[in-house]
Amino acid sequence: MTGVPAAGVTVVGLAEMSAGAVRARLLADHDRFWDTDTRALHHPVWFHQFGGFGALALDGDEDVGYVLGAVTADGLAYLHLLAVREDRRRTGLGRRLCAWFDDLAAATGARAVQAVTRPANTAAVAFHTALGASAHLSRDDAAPGQDRLVLTRPPRPR
């Protein structure tokens, strides 16, 4: 589904917002962003302690996308969650949120960006590989019999 272009959307760092209120809004609107239940992945630590590495995409007062992640001391930027509301997909908003995260990651010295997904999540795999990620299968990564793909790429050039 093609939605409204991302041009009128503002990307705001979570550090500039009320983390608890943002988390509550995103969880309340969960099903407009996700086709599987990811609520457990929205732990408060991603909004409070790591909120400085997250951003919310706003169209007026509507939440239309977000990114959550962190950068480790050894220079690995982990993109934990990237979500675009169903009616805003295929507008460039996901790339824009990744660019925001990449800029912050590069500014803090990150040398690589990683995302982890289920092998069956073909949309996420296609998105990240289009950004230049290579995929590595990690067997039993989430639990016995639950493989994951680790997608690794350099941060986009600044």
# chains A, B, ... in the order shown; residues from 1 in each chain; ligands from 1

$ residues_around --residues "Thr36 in chain A" --least-positions-apart "4" --cutoff "12 Å" --atoms "only C-alpha atoms" --output "JSON list (two decimals) with C-alpha atoms, in the first residue's frame"
[["chain", "number", "residue", "atom", "x", "y", "z"],
["A", 30, "HIS", "CA", 0.73, -1.38, 17.79],
["A", 31, "ASP", "CA", -1.36, -3.14, 15.15],
["A", 32, "ARG", "CA", -1.10, -0.22, 12.72],
["A", 40, "ALA", "CA", 7.57, -7.59, 24.25],
["A", 41, "LEU", "CA", 10.29, -5.93, 22.14],
["A", 83, "ALA", "CA", 8.43, 0.60, 12.19],
["A", 118, "ARG", "CA", 13.32, -13.83, 11.56],
["A", 120, "ALA", "CA", 10.67, -15.50, 7.20],
["A", 121, "ASN", "CA", 10.45, -11.69, 7.49]]

$ residues_around --residues "range 142-154 of chain A" --least-positions-apart "4" --cutoff "8 Å" --atoms "only C-alpha atoms" --output "PDB file with N, CA and C atoms, in the first residue's frame"
ATOM      1  N   ARG A 111      30.946   1.829  13.469  1.00  0.00           N
ATOM      2  CA  ARG A 111      31.572   1.368  12.226  1.00  0.00           C
ATOM      3  C   ARG A 111      30.684   0.410  11.469  1.00  0.00           C
ATOM      4  N   ALA A 112      29.609  -0.093  12.121  1.00  0.00           N
ATOM      5  CA  ALA A 112      28.676  -1.018  11.483  1.00  0.00           C
ATOM      6  C   ALA A 112      27.295  -0.862  12.109  1.00  0.00           C
ATOM      7  N   VAL A 113      26.285  -1.151  11.309  1.00  0.00           N
ATOM      8  CA  VAL A 113      24.895  -1.157  11.771  1.00  0.00           C
ATOM      9  C   VAL A 113      24.383  -2.584  11.614  1.00  0.00           C
ATOM     10  N   GLN A 114      23.750  -3.100  12.666  1.00  0.00           N
ATOM     11  CA  GLN A 114      23.172  -4.439  12.606  1.00  0.00           C
ATOM     12  C   GLN A 114      21.699  -4.404  12.972  1.00  0.00           C
ATOM     13  N   ALA A 115      20.955  -5.260  12.286  1.00  0.00           N
ATOM     14  CA  ALA A 115      19.566  -5.530  12.631  1.00  0.00           C
ATOM     15  C   ALA A 115      19.419  -7.044  12.665  1.00  0.00           C
ATOM     16  N   VAL A 116      18.480  -7.531  13.441  1.00  0.00           N
ATOM     17  CA  VAL A 116      18.248  -8.971  13.553  1.00  0.00           C
ATOM     18  C   VAL A 116      16.769  -9.215  13.290  1.00  0.00           C
ATOM     19  N   THR A 117      16.478 -10.230  12.461  1.00  0.00           N
ATOM     20  CA  THR A 117      15.088 -10.540  12.149  1.00  0.00           C
ATOM     21  C   THR A 117      14.900 -12.034  11.947  1.00  0.00           C
ATOM     22  N   ARG A 118      13.653 -12.436  11.887  1.00  0.00           N
ATOM     23  CA  ARG A 118      13.323 -13.829  11.560  1.00  0.00           C
ATOM     24  C   ARG A 118      13.594 -14.053  10.076  1.00  0.00           C
ATOM     25  N   PRO A 119      14.105 -15.207   9.689  1.00  0.00           N
ATOM     26  CA  PRO A 119      14.350 -15.474   8.270  1.00  0.00           C
ATOM     27  C   PRO A 119      13.097 -15.333   7.405  1.00  0.00           C
ATOM     28  N   VAL A 125      14.149  -8.282   5.437  1.00  0.00           N
ATOM     29  CA  VAL A 125      15.377  -8.721   4.768  1.00  0.00           C
ATOM     30  C   VAL A 125      15.589  -7.913   3.489  1.00  0.00           C
ATOM     31  N   HIS A 128      16.624  -4.168   4.397  1.00  0.00           N
ATOM     32  CA  HIS A 128      17.997  -4.001   4.887  1.00  0.00           C
ATOM     33  C   HIS A 128      19.037  -4.358   3.820  1.00  0.00           C
ATOM     34  N   THR A 129      18.768  -5.368   3.020  1.00  0.00           N
ATOM     35  CA  THR A 129      19.740  -5.696   1.963  1.00  0.00           C
ATOM     36  C   THR A 129      19.756  -4.596   0.905  1.00  0.00           C
ATOM     37  N   LEU A 131      19.631  -1.571   1.571  1.00  0.00           N
ATOM     38  CA  LEU A 131      20.493  -0.547   2.170  1.00  0.00           C
ATOM     39  C   LEU A 131      21.961  -0.974   2.196  1.00  0.00           C
ATOM     40  N   GLY A 132      22.230  -2.184   1.701  1.00  0.00           N
ATOM     41  CA  GLY A 132      23.610  -2.658   1.628  1.00  0.00           C
ATOM     42  C   GLY A 132      23.994  -3.686   2.666  1.00  0.00           C
ATOM     43  N   ALA A 133      23.023  -4.213   3.413  1.00  0.00           N
ATOM     44  CA  ALA A 133      23.331  -5.193   4.458  1.00  0.00           C
ATOM     45  C   ALA A 133      23.604  -6.565   3.854  1.00  0.00           C
ATOM     46  N   SER A 134      24.522  -7.261   4.472  1.00  0.00           N
ATOM     47  CA  SER A 134      24.728  -8.672   4.168  1.00  0.00           C
ATOM     48  C   SER A 134      24.054  -9.460   5.282  1.00  0.00           C
ATOM     49  N   ALA A 135      23.548 -10.653   4.934  1.00  0.00           N
ATOM     50  CA  ALA A 135      22.795 -11.461   5.886  1.00  0.00           C
ATOM     51  C   ALA A 135      23.606 -12.676   6.301  1.00  0.00           C
ATOM     52  N   HIS A 136      23.569 -12.964   7.599  1.00  0.00           N
ATOM     53  CA  HIS A 136      24.230 -14.142   8.158  1.00  0.00           C
ATOM     54  C   HIS A 136      23.200 -14.887   8.999  1.00  0.00           C
ATOM     55  N   LEU A 137      22.996 -16.172   8.698  1.00  0.00           N
ATOM     56  CA  LEU A 137      22.054 -16.973   9.467  1.00  0.00           C
ATOM     57  C   LEU A 137      22.678 -17.369  10.800  1.00  0.00           C
ATOM     58  N   SER A 138      21.981 -17.067  11.875  1.00  0.00           N
ATOM     59  CA  SER A 138      22.421 -17.433  13.221  1.00  0.00           C
ATOM     60  C   SER A 138      21.447 -18.492  13.744  1.00  0.00           C
TER      61      SER A 138
END

$ residues_around --residues "Leu68 in chain A" --least-positions-apart "4" --cutoff "12 Å" --atoms "only C-alpha atoms" --output "VMD selection string"
chain A and resid 13 to 15 19 22 to 23 26 41 to 57 77 to 83 97 to 98 100 to 102 104 to 105 115

$ atom_distance --atom1 "CA of Ala99 in chain A" --atom2 "CA of Arg156 in chain A"
7.0 Å

$ atom_distance --atom1 "CA of Asp140 in chain A" --atom2 "CA of Ala70 in chain A"
23.4 Å

$ atom_distance --atom1 "CA of Asp61 in chain A" --atom2 "CA of Asp29 in chain A"
13.6 Å

$ select_by_dssp --residues "range 51-92 of chain A" --states "helix (DSSP H, G or I)" --output "PyMOL selection string"
chain A and resi 51-53+86-88

$ decode --residues "range 78-104 of chain A" --atoms "N, CA and C atoms" --output "compact mmCIF listing (two decimals), in the first residue's frame"
# COMPACT_ATOMS: atom_id res chain seq x y z
N TYR A 78 23.20 -1.04 16.87
CA TYR A 78 22.17 -2.07 16.80
C TYR A 78 20.83 -1.40 16.58
N LEU A 79 20.23 -1.66 15.43
CA LEU A 79 18.91 -1.14 15.10
C LEU A 79 17.89 -2.17 15.61
N HIS A 80 17.32 -1.88 16.77
CA HIS A 80 16.44 -2.83 17.46
C HIS A 80 15.08 -2.95 16.77
N LEU A 81 14.43 -1.83 16.53
CA LEU A 81 13.12 -1.83 15.87
C LEU A 81 13.03 -0.66 14.90
N LEU A 82 12.46 -0.94 13.75
CA LEU A 82 12.14 0.09 12.75
C LEU A 82 10.71 -0.17 12.33
N ALA A 83 9.85 0.80 12.51
CA ALA A 83 8.43 0.60 12.19
C ALA A 83 7.88 1.81 11.45
N VAL A 84 7.11 1.53 10.42
CA VAL A 84 6.39 2.56 9.68
C VAL A 84 4.92 2.14 9.66
N ARG A 85 4.05 3.07 10.00
CA ARG A 85 2.62 2.76 10.04
C ARG A 85 2.16 2.25 8.68
N GLU A 86 1.23 1.31 8.69
CA GLU A 86 0.82 0.61 7.47
C GLU A 86 0.43 1.56 6.33
N ASP A 87 -0.20 2.67 6.62
CA ASP A 87 -0.63 3.58 5.56
C ASP A 87 0.48 4.54 5.11
N ARG A 88 1.67 4.41 5.68
CA ARG A 88 2.80 5.27 5.30
C ARG A 88 3.96 4.48 4.71
N ARG A 89 3.76 3.20 4.48
CA ARG A 89 4.83 2.37 3.92
C ARG A 89 5.04 2.71 2.45
N ARG A 90 6.25 2.44 1.98
CA ARG A 90 6.67 2.65 0.59
C ARG A 90 6.64 4.14 0.21
N THR A 91 6.95 4.98 1.21
CA THR A 91 7.00 6.43 0.98
C THR A 91 8.41 6.99 1.19
N GLY A 92 9.36 6.14 1.60
CA GLY A 92 10.70 6.60 1.92
C GLY A 92 10.90 6.88 3.40
N LEU A 93 9.85 6.73 4.19
CA LEU A 93 9.95 7.04 5.62
C LEU A 93 10.88 6.07 6.35
N GLY A 94 10.84 4.79 6.01
CA GLY A 94 11.75 3.83 6.64
C GLY A 94 13.20 4.19 6.37
N ARG A 95 13.51 4.54 5.12
CA ARG A 95 14.88 4.98 4.78
C ARG A 95 15.25 6.25 5.53
N ARG A 96 14.29 7.15 5.67
CA ARG A 96 14.57 8.40 6.38
C ARG A 96 14.88 8.15 7.86
N LEU A 97 14.13 7.25 8.48
CA LEU A 97 14.40 6.90 9.88
C LEU A 97 15.76 6.21 10.01
N CYS A 98 16.08 5.34 9.07
CA CYS A 98 17.40 4.69 9.08
C CYS A 98 18.51 5.73 8.91
N ALA A 99 18.30 6.70 8.04
CA ALA A 99 19.30 7.76 7.83
C ALA A 99 19.51 8.55 9.12
N TRP A 100 18.42 8.84 9.84
CA TRP A 100 18.52 9.55 11.12
C TRP A 100 19.37 8.73 12.09
N PHE A 101 19.06 7.42 12.19
CA PHE A 101 19.80 6.54 13.08
C PHE A 101 21.26 6.43 12.65
N ASP A 102 21.51 6.27 11.35
CA ASP A 102 22.87 6.17 10.84
C ASP A 102 23.68 7.42 11.14
N ASP A 103 23.08 8.58 10.97
CA ASP A 103 23.79 9.84 11.27
C ASP A 103 24.21 9.89 12.73
N LEU A 104 23.30 9.53 13.61
CA LEU A 104 23.61 9.52 15.04
C LEU A 104 24.67 8.46 15.35
